[in-house]
Structures are given as C-alpha cells and as structure tokens.
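So this block is data22.cif, mmCIF, C-alpha atoms and all ligand atoms:
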```
data_data
loop_
_atom_site.label_atom_id
_atom_site.label_comp_id
_atom_site.auth_asym_id
_atom_site.auth_seq_id
_atom_site.Cartn_x
_atom_site.Cartn_y
_atom_site.Cartn_z
CA MET A 1 0.00 0.00 0.00
CA LYS A 2 2.75 2.43 0.94
CA ILE A 3 4.56 1.61 -2.29
CA GLU A 4 1.44 2.55 -4.29
CA VAL A 5 1.28 5.97 -2.61
CA MET A 6 4.95 6.62 -3.29
CA LYS A 7 4.49 5.66 -6.95
CA ASN A 8 1.62 8.11 -7.36
CA ILE A 9 3.57 10.91 -5.72
CA LEU A 10 6.55 10.25 -7.97
CA SER A 11 4.56 10.10 -11.21
CA GLU A 12 2.79 13.37 -10.33
CA ASN A 13 6.19 14.85 -9.50
CA ASP A 14 7.66 13.64 -12.79
CA LYS A 15 4.85 15.34 -14.72
CA ILE A 16 5.58 18.72 -13.11
CA ALA A 17 9.33 18.15 -13.49
CA GLU A 18 8.86 17.67 -17.24
CA GLU A 19 6.90 20.95 -17.41
CA ASN A 20 9.71 22.72 -15.55
CA ARG A 21 12.32 21.17 -17.84
CA LYS A 22 10.42 22.22 -20.96
CA LEU A 23 10.21 25.78 -19.66
CA PHE A 24 13.95 25.80 -18.86
CA ASN A 25 14.74 24.46 -22.34
CA ASP A 26 12.50 27.07 -23.99
CA LYS A 27 14.26 29.81 -22.03
CA LYS A 28 17.69 28.23 -22.69
CA ILE A 29 18.51 27.97 -19.00
CA PHE A 30 20.81 25.24 -17.70
CA VAL A 31 19.66 23.96 -14.31
CA ILE A 32 21.80 22.16 -11.75
CA ASN A 33 20.25 20.33 -8.79
CA LEU A 34 22.98 20.57 -6.14
CA MET A 35 22.70 17.93 -3.44
CA GLY A 36 24.72 16.66 -0.49
CA SER A 37 24.67 16.17 3.27
CA PRO A 38 24.25 19.05 5.71
CA GLY A 39 27.69 20.59 6.15
CA SER A 40 29.19 19.10 2.98
CA GLY A 41 29.85 22.61 1.69
CA LYS A 42 27.10 23.16 -0.88
CA THR A 43 26.58 26.81 0.00
CA SER A 44 30.31 27.52 0.24
CA LEU A 45 30.80 25.96 -3.19
CA LEU A 46 27.94 28.07 -4.52
CA GLU A 47 29.46 31.25 -3.11
CA LEU A 48 32.80 30.59 -4.81
CA THR A 49 31.00 29.64 -8.03
CA LEU A 50 29.05 32.91 -8.00
CA ALA A 51 32.15 34.96 -7.27
CA LYS A 52 33.89 33.39 -10.26
CA LEU A 53 31.07 33.21 -12.83
CA LYS A 54 28.42 35.83 -12.10
CA ASP A 55 30.01 38.49 -14.32
CA GLU A 56 30.17 36.09 -17.28
CA ILE A 57 26.97 34.09 -16.84
CA LYS A 58 23.56 35.25 -15.61
CA ILE A 59 22.89 33.06 -12.60
CA ALA A 60 20.02 32.67 -10.16
CA VAL A 61 19.91 30.46 -7.09
CA ILE A 62 17.02 28.57 -5.51
CA GLU A 63 17.74 27.71 -1.88
CA GLY A 64 16.02 24.75 -0.29
CA ASP A 65 16.09 24.72 3.48
CA LEU A 66 14.06 23.08 6.24
CA PHE A 67 13.19 26.25 8.16
CA THR A 68 15.70 29.10 7.75
CA ALA A 69 16.94 31.59 5.17
CA LYS A 70 20.54 31.41 6.39
CA ASP A 71 21.95 30.09 3.10
CA ALA A 72 19.85 32.46 0.99
CA GLU A 73 21.21 35.39 3.01
CA ARG A 74 24.76 34.26 2.19
CA ILE A 75 23.86 34.05 -1.51
CA GLU A 76 22.16 37.47 -1.49
CA ASN A 77 25.49 39.03 -0.58
CA HIS A 78 26.67 38.10 -4.09
CA ASN A 79 23.93 40.21 -5.71
CA VAL A 80 22.32 37.47 -7.74
CA PRO A 81 18.60 36.67 -7.73
CA VAL A 82 17.83 34.13 -5.00
CA VAL A 83 14.57 32.45 -4.07
CA GLN A 84 14.16 30.74 -0.73
CA ILE A 85 12.05 27.59 -0.43
CA ASN A 86 11.31 26.52 3.13
CA THR A 87 10.12 22.95 3.17
CA ALA A 88 8.78 23.25 6.77
CA GLY A 89 10.70 20.15 7.77
CA GLY A 90 10.40 18.34 4.42
CA CYS A 91 13.64 16.53 3.65
CA HIS A 92 13.86 17.20 -0.11
CA LEU A 93 12.69 19.59 -2.81
CA ASP A 94 10.09 18.46 -5.31
CA ALA A 95 9.15 19.73 -8.76
CA ALA A 96 6.09 21.66 -7.54
CA MET A 97 8.20 23.65 -5.06
CA VAL A 98 10.66 24.60 -7.81
CA LYS A 99 7.77 25.47 -10.13
CA ARG A 100 6.47 27.95 -7.54
CA ALA A 101 9.96 29.31 -6.87
CA ILE A 102 10.68 30.16 -10.52
CA GLU A 103 7.52 32.29 -10.71
CA SER A 104 9.49 35.05 -9.00
CA LEU A 105 12.50 34.84 -11.34
CA ASP A 106 12.92 36.67 -14.65
CA LEU A 107 13.64 33.57 -16.73
CA ASP A 108 14.35 35.55 -19.90
CA SER A 109 17.40 37.09 -18.27
CA LEU A 110 19.06 33.88 -17.01
CA ASP A 111 21.61 31.38 -18.32
CA LEU A 112 21.94 29.18 -15.26
CA ILE A 113 19.88 28.27 -12.20
CA ILE A 114 21.52 26.38 -9.37
CA VAL A 115 19.08 24.72 -6.98
CA GLU A 116 20.61 23.98 -3.59
CA ASN A 117 18.60 21.04 -2.31
CA VAL A 118 17.88 20.25 1.33
CA GLY A 119 20.92 18.71 3.03
CA ASN A 120 20.31 14.97 2.72
CA LEU A 121 21.96 12.09 0.84
CA VAL A 122 18.78 10.06 0.42
CA CYS A 123 15.50 11.34 -1.07
CA PRO A 124 16.66 14.44 -2.99
CA ALA A 125 18.04 11.91 -5.48
CA GLU A 126 14.56 10.41 -5.95
CA PHE A 127 12.80 13.65 -6.90
CA ASP A 128 13.34 15.13 -10.34
CA VAL A 129 12.76 18.89 -10.12
CA GLY A 130 13.19 19.46 -13.87
CA GLU A 131 16.96 19.98 -13.72
CA ASN A 132 19.39 19.26 -16.55
CA CYS A 133 21.70 17.46 -14.18
CA LYS A 134 22.26 16.56 -10.60
CA VAL A 135 25.53 17.25 -8.80
CA VAL A 136 26.41 15.80 -5.40
CA VAL A 137 28.86 17.30 -2.92
CA LEU A 138 30.61 14.75 -0.69
CA SER A 139 33.06 16.15 1.81
CA ILE A 140 36.12 14.28 2.97
CA THR A 141 35.02 14.51 6.60
CA GLU A 142 31.87 12.46 5.88
CA GLY A 143 33.91 9.33 5.18
CA ASP A 144 34.81 7.30 2.11
CA ASP A 145 32.04 4.75 2.77
CA LYS A 146 29.25 7.09 1.66
CA PRO A 147 29.14 6.23 -2.07
CA LEU A 148 28.43 2.56 -1.34
CA LYS A 149 26.02 3.40 1.49
CA TYR A 150 24.00 5.92 -0.55
CA PRO A 151 24.55 4.70 -4.13
CA LEU A 152 21.44 6.25 -5.72
CA ILE A 153 22.53 9.86 -5.30
CA PHE A 154 25.93 9.09 -6.86
CA LYS A 155 24.33 7.05 -9.65
CA GLU A 156 21.99 9.94 -10.49
CA SER A 157 24.63 12.67 -10.40
CA ALA A 158 26.68 13.76 -13.39
CA VAL A 159 29.36 15.13 -11.08
CA THR A 160 30.61 14.28 -7.61
CA ILE A 161 32.39 17.15 -5.91
CA LEU A 162 34.87 15.76 -3.36
CA ASN A 163 34.96 18.79 -1.13
CA LYS A 164 37.21 19.75 1.81
CA ILE A 165 40.07 17.98 0.04
CA ASP A 166 42.46 20.17 2.06
CA LEU A 167 41.43 18.14 5.14
CA LEU A 168 42.42 14.81 3.58
CA LYS A 169 45.60 14.49 5.63
CA PHE A 170 43.67 14.83 8.90
CA THR A 171 41.30 11.96 8.14
CA ASN A 172 41.41 8.28 7.20
CA PHE A 173 39.45 9.00 4.02
CA ASN A 174 40.82 6.71 1.30
CA LEU A 175 40.69 8.74 -1.90
CA ASN A 176 41.51 5.79 -4.17
CA SER A 177 38.78 3.56 -2.80
CA ALA A 178 36.24 6.40 -2.88
CA ARG A 179 37.09 7.04 -6.52
CA GLU A 180 36.85 3.32 -7.29
CA ASP A 181 33.47 3.01 -5.59
CA LEU A 182 32.13 6.08 -7.37
CA THR A 183 33.22 4.73 -10.73
CA THR A 184 31.72 1.32 -9.98
CA ILE A 185 28.37 2.91 -9.11
CA HIS A 186 28.47 5.32 -12.06
CA PRO A 187 31.16 4.61 -14.67
CA ASN A 188 30.88 7.98 -16.44
CA ILE A 189 30.76 10.12 -13.32
CA LYS A 190 32.93 13.22 -13.31
CA ILE A 191 34.86 13.62 -10.06
CA ILE A 192 36.18 17.04 -9.09
CA GLU A 193 38.26 17.56 -5.94
CA THR A 194 37.68 20.95 -4.35
CA SER A 195 38.51 22.99 -1.30
CA CYS A 196 36.36 26.00 -0.52
CA THR A 197 39.05 27.13 1.93
CA ASN A 198 41.89 27.50 -0.56
CA SER A 199 39.75 27.43 -3.77
CA ASN A 200 41.56 24.43 -5.24
CA GLY A 201 39.44 22.78 -7.93
CA ILE A 202 37.00 25.68 -8.23
CA ASP A 203 38.37 26.57 -11.66
CA GLU A 204 37.82 23.02 -12.87
CA TRP A 205 34.25 23.02 -11.52
CA CYS A 206 33.46 26.39 -13.12
CA LYS A 207 34.95 25.19 -16.40
CA TRP A 208 32.68 22.14 -16.26
CA ILE A 209 29.66 24.43 -15.77
CA LYS A 210 30.65 26.68 -18.68
CA ASN A 211 31.17 23.69 -20.97
CA SER A 212 27.74 22.36 -19.97
CA LEU A 213 25.74 25.49 -20.85
MG MG B 1 23.71 25.09 2.49
ZN ZN B 2 12.78 13.61 1.54
#
```
Could you rewrite the structure in this file as structure tokens?
Amino acid sequence: MKIEVMKNILSENDKIAEENRKLFNDKKIFVINLMGSPGSGKTSLLELTLAKLKDEIKIAVIEGDLFTAKDAERIENHNVPVVQINTAGGCHLDAAMVKRAIESLDLDSLDLIIVENVGNLVCPAEFDVGENCKVVVLSITEGDDKPLKYPLIFKESAVTILNKIDLLKFTNFNLNSAREDLTTIHPNIKIIETSCTNSNGIDEWCKWIKNSL
C-alpha cells in the first residue's frame, strides 16, 4: 500500500518536473540540482561559483532549506537573484516547489539556475525537479564509505564534488577507494576535488559548468 502511494507521488512529481524542464529548455537555461549532506559545503561551493562566474553568466539560485533563510542570506550578498524555499521540515525539494519558486525569477534574463537542495543524501536523489543534471557534494570529513552506502545519489549525479580535500591528511578517508566506488556505481561520473578554503578545484568546476551550458 505504501509503495502505491509513493508511486503516485513520484509520477505526479515527474509530470511537473517535465513541465519545468520544458520551460527551462525554452528559455535556454541550464539547471543544476545541487545535493549533499548538511555541512558538505554546498553553500560555500555556490558562493565561490558565483564569485567566479556571475560576471560572465547570468545566474540565479534557488535555496532549499528546512526552516531558515541562512543560506539564501549568504547568496544574497553576491547580488544574484535568489529564491528561498522553506520545506517546513520536508527533507527534499520536489518539482512543484521549484515550479512555484521560478515564478518570482525573470527567466528571460538567465543562463543558469543552481538549486541547492535540502541537506540529505537520500531522497533528494529520488525527486526530479526538472533539472538538466544533478551534482552531489561529498566532503572528505563524511567518510569514504558514503558512495556505497548511498549509491542512488551518486548514480543519479553527473558530477561528484569531493569537497574539503584540504582536510584529507587529517582523516582516514581513502581517496583511491572512494574514486573506485564512485566509478563502480556510475562509470561515467565526473569527479572534481575541491577545497572552498583554498579554492583548489573551483576553476575546474566552473569550467565544467561553462562547458555544460
Ligand atoms: Mg547550504
Ligand atoms: Zn525527503
């Protein structure tokens, strides 16, 4: 019975996601669904991305958060359009939430929308919001076992950002086995090592975005 309910929710979600995607395609906007655990560094990565690209590419951000606008306030400092979605405790964004959020954006003036999903390695991967691609941020401090423990999110993502790479030497994170596991789960996955502290890898990530537009 529960499985039936979930199926109905997902097919309704997929319908709205397709409408969103069609609108984004018509407006020639590339949309990234940025996912990862709380504290993995999604907002920090976004801030560095905006600092590097906002003069070249017209970017807007949709911020998913359980209750607060803390991340959206950080993004606002970069003077790009930002829409806050509070899920009131909901653990992922869905297509209907994104559909409502884009009503307050001027879609004709945008090249790129980055949607920062709710911090969670599980269900954000199950809900298409109409994005062109999903990207997952995994930080070194979370442990190298996460790809095998949460395979769906890595399978669904075009890119895994291995963030906080500057902390590698302070942890027992095994970079080789993490890379192997990621490639086993998703053979074509692009892996980019970044540090939002010293900005290593941010150029490579921004280049990937520009090549994807
Ligand atoms: Mg955040
Ligand atoms: Zn959820």
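Between atom CA of A:Asp145 and atom CA of A:Asn176 lies a distance of 11.8 Å.
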With all atoms listed in the file as the counted atoms, please give the residues lying no more than 9 Å from stretch 199-201 of chain A, apart from itself and same-chain residues fewer than 5 positions off, as a list of chain:residue names. A:Leu48, A:Ile165, A:Asp166, A:Ile192, A:Glu193, A:Thr194, A:Cys206
Those same residues - C-alpha atoms - I'd like them written as an mmCIF file, in the frame of the given file.
```
data_model
loop_
_atom_site.group_PDB
_atom_site.id
_atom_site.type_symbol
_atom_site.label_atom_id
_atom_site.label_comp_id
_atom_site.auth_asym_id
_atom_site.auth_seq_id
_atom_site.Cartn_x
_atom_site.Cartn_y
_atom_site.Cartn_z
ATOM 1 C CA LEU A 48 32.800 30.590 -4.810
ATOM 2 C CA ILE A 165 40.070 17.980 0.040
ATOM 3 C CA ASP A 166 42.460 20.170 2.060
ATOM 4 C CA ILE A 192 36.180 17.040 -9.090
ATOM 5 C CA GLU A 193 38.260 17.560 -5.940
ATOM 6 C CA THR A 194 37.680 20.950 -4.350
ATOM 7 C CA CYS A 206 33.460 26.390 -13.120
#
```
Please identify all polymer residues within 8 Å of A:Ala125, counting all atoms listed in the file, omitting same-chain residues fewer than 2 positions from it, and present them as JSON, numbers by chain. {"A": [35, 121, 122, 123, 127, 128, 152, 153, 156]}
Got a sec: who's within 9 Å of stretch 10-27 of chain A, counting only C-alpha atoms, leaving out chain neighbours fewer than 2 positions off, as JSON, numbers by chain? {"A": [5, 6, 7, 8, 29, 30, 31, 94, 95, 96, 98, 99, 107, 108, 109, 110, 111, 126, 127, 128, 129, 130, 131, 132]}
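With only C-alpha atoms and all ligand atoms as the atoms that count, the minimum distance from ligand MG 1 (chain B) to the choices A:Ile59, A:Leu105, A:Val115, A:Ser212 is reached by A:Val115.
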Could you state the separation of atom CA of A:Cys91 and atom CA of A:Asn120 in Å, given to one decimal place? 6.9 Å
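Between ligand ZN 2 (chain B) and the candidates A:Gly64, A:Pro81, A:Pro38, A:Gly90, the tightest atom-to-atom separation, counting only C-alpha atoms and all ligand atoms, involves A:Gly90.
If you look at atom CA of A:Lys164 and atom CA of A:Ser44, they are 10.5 Å away from each other.
Identified as lying at most 6 Å from ligand MG 1 (chain B) when counting only C-alpha atoms and all ligand atoms are the residues Lys42, Thr43 and Asp71 of chain A.
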With 8 Å on each side, where is the centre of the axis-aligned box around all listed atoms of stretch 160-176 of chain A, and how long are its edges in Å to one decimal, as lines of an AutoDock Vina configuration file?
```
center_x = 38.1
center_y = 13.0
center_z = 0.6
size_x = 31.0
size_y = 30.4
size_z = 32.5
```
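Within 12 Å of stretch 170-173 of chain A there are A:Leu138, A:Ser139, A:Ile140, A:Thr141, A:Glu142, A:Gly143, A:Asp144, A:Asp145, A:Lys146, A:Leu162, A:Asn163, A:Lys164, A:Arg179, counting all atoms listed in the file and ignoring same-chain residues fewer than 6 positions away.
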I'd like to know which of A:Ile185, A:Thr87, A:Val135, A:Ile113 is closest to ligand ZN 2 (chain B), using only C-alpha atoms and all ligand atoms. A:Thr87
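Comparing the minimum interatomic distances between A:Tyr150 and each of A:Leu213, A:Val118, A:Ile189, A:Val136, counting only C-alpha atoms, we find that A:Val136 sits nearest.
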Spatial neighbours of A:Ile32, max dist 6 Å, all atoms listed in the file, sep filter under 5 positions, as a list of chain:residue names: A:Ile114, A:Glu131, A:Cys133, A:Lys134
Go through A:Leu50, A:Ile62, A:Leu182, A:Ala88 and flag the residue nearest ligand ZN 2 (chain B), using all atoms listed in the file for the distances. A:Ala88
Ranking A:Ile161, A:Ile85, A:Val137, A:Val80 by minimum distance to A:Thr68 and counting all atoms listed in the file, which one comes first? A:Ile85
Please check which residues have atoms at most 8 Å from (30.1, 16.6, -13.8) in the file's coordinates, counting all atoms listed in the file, and write them as a tab-separated table (two decimals) with C-alpha atoms, in the frame of the given file.
```
chain	number	residue	atom	x	y	z
A	135	VAL	CA	25.53	17.25	-8.80
A	157	SER	CA	24.63	12.67	-10.40
A	158	ALA	CA	26.68	13.76	-13.39
A	159	VAL	CA	29.36	15.13	-11.08
A	160	THR	CA	30.61	14.28	-7.61
A	189	ILE	CA	30.76	10.12	-13.32
A	190	LYS	CA	32.93	13.22	-13.31
A	191	ILE	CA	34.86	13.62	-10.06
A	192	ILE	CA	36.18	17.04	-9.09
A	205	TRP	CA	34.25	23.02	-11.52
A	208	TRP	CA	32.68	22.14	-16.26
```
